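Chemist: This is the structure I want to talk about, given as structure tokens.
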Amino acid sequence: MPFLGQDWRSPGWSWIKTEDGWRRYESWSQELEREHDHCSINHSIILNSEDEEIFNNEEQEYASKKRKKDHFRNDRNTQCFYREKWIYVHKESTRERHSYCTLGEAFNRLDFSSAIQDIRRFNYVVRLLQLIAKSQLTSLSGVAQKNYFNILDKIVQKVLDDHQNPRLIKNLLQDLSSTLCILIRGEGKSVLVGNINIWICRLETILTWQQQLQNLQMTKHVDSGLTLSDLPLHVLSNILHRLSDGWDVVTLGQVTPALSALSEDRQLWRKLCLYHFADKQFCRHLVLSEEGHVEWKLTYFALQKYYPTREQYGDTLHFCRHCSILFWKDSGHPCTAANPDSCFMPVSPQHFIDLFKF
């Protein structure tokens, strides 16, 4: 009879009945095979043809479904979300605290699950997940991995439902799938925490999400009220000048012919270049036209390949230098400083990662 152990590393054991009782059967053991030859009990008595067929089918099904069963058993109903609004960041043990805070622990305890429902924090959480996918995926504990992919699942479903920010999620999934492919093919078994079959199933899930986003069709809203086409040109131009992302300008320019013309404004792209990049940076990569004029739009996307753009978020985590506490600004924290506001500083996604580097 097959014995399927609880340990995921166990391939399962086969047992046979002998005169002395049940013994484990190893096909590669010659001694046990010789004992079987001298055994007075015929194998056909132990297992008839129907039992052997059932046993073979069970082994085949077990081999084919083991990976998915490991994945579902690992991720199903195992969310370990905390609802804490702030956490104490301690990097080393002291007399008072015999522990330290890791990136995975901070990711588990802070309320990121609710943060993605806040439009001000959505881009911040997505960017943080993207940075973790690029460089910190192997440092997450098993529980942090589950929370990471559960939050990612909520983000993908949110985008599929409300059709907002699909480009951000596509970039996140692309970086995550690239990282997983490298780790699984090259050194996944020695670097990734957990069963390799679980990671393969997670990679398959990511590919499914990418396909769903690729097939996402934006529904046209039928509204008899005021639309972008009804706004005057100076209002449309003002809307474009308030965007800080060049890709958002390009996307909005595809809505109407008027917006398309306004999105090609040289001054608009010049302001974006000056906002995101230093003078020394864009002077090295200026794109000139045949007439000798600066093509600011082409210059912006050329600079984007070499330098990071300035990040802008509606709401971010904050760090109190006096209390060493990481918190959401709206919720605050019990600060003991005389002038708490002077101790607070905003934490960018990259700064969040750097806080937990030892």
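Quick note on naming: the chains in the structure tokens go A, B, ... in the order shown, residues restart at 1 in each chain, and ligands are numbered from 1 in order of appearance.
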Could you give me, as a VMD selection string, each residue of stretch 159-329 of chain A that DSSP assigns to alpha helix (DSSP H) when run on this structure's backbone?
Modeler: chain A and resid 159 to 162 166 to 182 188 to 191 196 to 214 233 to 241 246 to 252 257 to 262 266 to 276 279 to 284 296 to 306
Chemist: May I have the residues within 12 Å of stretch 105-112 of chain A as a VMD selection string, using only C-alpha atoms and disregarding those fewer than 6 positions away in the same chain?
Modeler: chain A and resid 79 to 91 99 118 121 to 126 128 to 129 132 136 to 137 139 to 152 154 to 155 316 to 317 325 to 328 331 349 352 to 353 355 to 356
Chemist: Between stretch 273-326 of chain A and stretch 245-261 of chain A, at 10 Å or less, what are the per-residue closest atom pairs and their distances in Å? Count only C-alpha atoms, order by chain and rising residue number, and return it as CSV.
Modeler:
```
residue,atom,partner,partner_atom,distance
A:Cys273,CA,A:Gly246,CA,9.4
A:His276,CA,A:Asp245,CA,9.3
A:Lys297,CA,A:Gly246,CA,8.5
A:Tyr300,CA,A:Gly246,CA,7.8
A:Phe301,CA,A:Gly246,CA,8.0
A:Gln304,CA,A:Gly246,CA,9.6
A:Thr309,CA,A:Asp245,CA,8.7
A:Arg310,CA,A:Asp245,CA,9.2
A:Glu311,CA,A:Asp245,CA,9.2
A:Gln312,CA,A:Asp245,CA,9.3
```
Chemist: Kindly export the residues of the current selection with N, CA, C and O atoms, as a PDB file, in the first residue's frame.
Modeler:
```
ATOM      1  N   CYS A 273      11.118  66.891 -18.430  1.00  0.00           N
ATOM      2  CA  CYS A 273      12.556  66.617 -18.376  1.00  0.00           C
ATOM      3  C   CYS A 273      13.210  67.381 -17.226  1.00  0.00           C
ATOM      4  O   CYS A 273      14.036  66.826 -16.481  1.00  0.00           O
ATOM      5  N   HIS A 276      12.148  65.758 -13.739  1.00  0.00           N
ATOM      6  CA  HIS A 276      12.652  64.432 -13.360  1.00  0.00           C
ATOM      7  C   HIS A 276      14.168  64.322 -13.385  1.00  0.00           C
ATOM      8  O   HIS A 276      14.740  63.489 -12.661  1.00  0.00           O
ATOM      9  N   LYS A 297      10.364  65.337 -26.168  1.00  0.00           N
ATOM     10  CA  LYS A 297       9.658  64.081 -25.916  1.00  0.00           C
ATOM     11  C   LYS A 297      10.599  62.895 -26.068  1.00  0.00           C
ATOM     12  O   LYS A 297      10.643  61.990 -25.215  1.00  0.00           O
ATOM     13  N   TYR A 300      13.079  62.836 -23.231  1.00  0.00           N
ATOM     14  CA  TYR A 300      12.536  62.313 -21.972  1.00  0.00           C
ATOM     15  C   TYR A 300      12.630  60.792 -21.925  1.00  0.00           C
ATOM     16  O   TYR A 300      13.111  60.219 -20.931  1.00  0.00           O
ATOM     17  N   PHE A 301      12.200  60.116 -22.987  1.00  0.00           N
ATOM     18  CA  PHE A 301      12.220  58.651 -22.971  1.00  0.00           C
ATOM     19  C   PHE A 301      13.638  58.109 -23.103  1.00  0.00           C
ATOM     20  O   PHE A 301      13.917  56.991 -22.648  1.00  0.00           O
ATOM     21  N   GLN A 304      14.960  58.298 -19.581  1.00  0.00           N
ATOM     22  CA  GLN A 304      14.307  57.302 -18.725  1.00  0.00           C
ATOM     23  C   GLN A 304      15.026  55.961 -18.767  1.00  0.00           C
ATOM     24  O   GLN A 304      14.926  55.164 -17.821  1.00  0.00           O
ATOM     25  N   THR A 309      13.286  58.094 -12.721  1.00  0.00           N
ATOM     26  CA  THR A 309      12.464  59.288 -12.647  1.00  0.00           C
ATOM     27  C   THR A 309      12.107  59.591 -11.195  1.00  0.00           C
ATOM     28  O   THR A 309      12.172  58.723 -10.325  1.00  0.00           O
ATOM     29  N   ARG A 310      11.724  60.826 -10.958  1.00  0.00           N
ATOM     30  CA  ARG A 310      11.327  61.224  -9.610  1.00  0.00           C
ATOM     31  C   ARG A 310       9.984  60.593  -9.265  1.00  0.00           C
ATOM     32  O   ARG A 310       9.042  60.670 -10.060  1.00  0.00           O
ATOM     33  N   GLU A 311       9.928  59.958  -8.102  1.00  0.00           N
ATOM     34  CA  GLU A 311       8.702  59.280  -7.697  1.00  0.00           C
ATOM     35  C   GLU A 311       7.797  60.235  -6.934  1.00  0.00           C
ATOM     36  O   GLU A 311       8.260  61.041  -6.126  1.00  0.00           O
ATOM     37  N   GLN A 312       6.500  60.116  -7.189  1.00  0.00           N
ATOM     38  CA  GLN A 312       5.516  60.981  -6.546  1.00  0.00           C
ATOM     39  C   GLN A 312       4.329  60.137  -6.110  1.00  0.00           C
ATOM     40  O   GLN A 312       3.747  59.400  -6.918  1.00  0.00           O
TER      41      GLN A 312
END
```
Chemist: So how many Å separate atom CA of A:Arg120 and atom CA of A:Lys134, to one decimal?
Modeler: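 These atoms are spaced 23.3 Å apart.
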Chemist: Pick the closest to A:Gln130 from A:Asp175, A:Ile116, A:Glu290, A:Asp161: which is it, counting only C-alpha atoms?
Modeler: A:Asp175
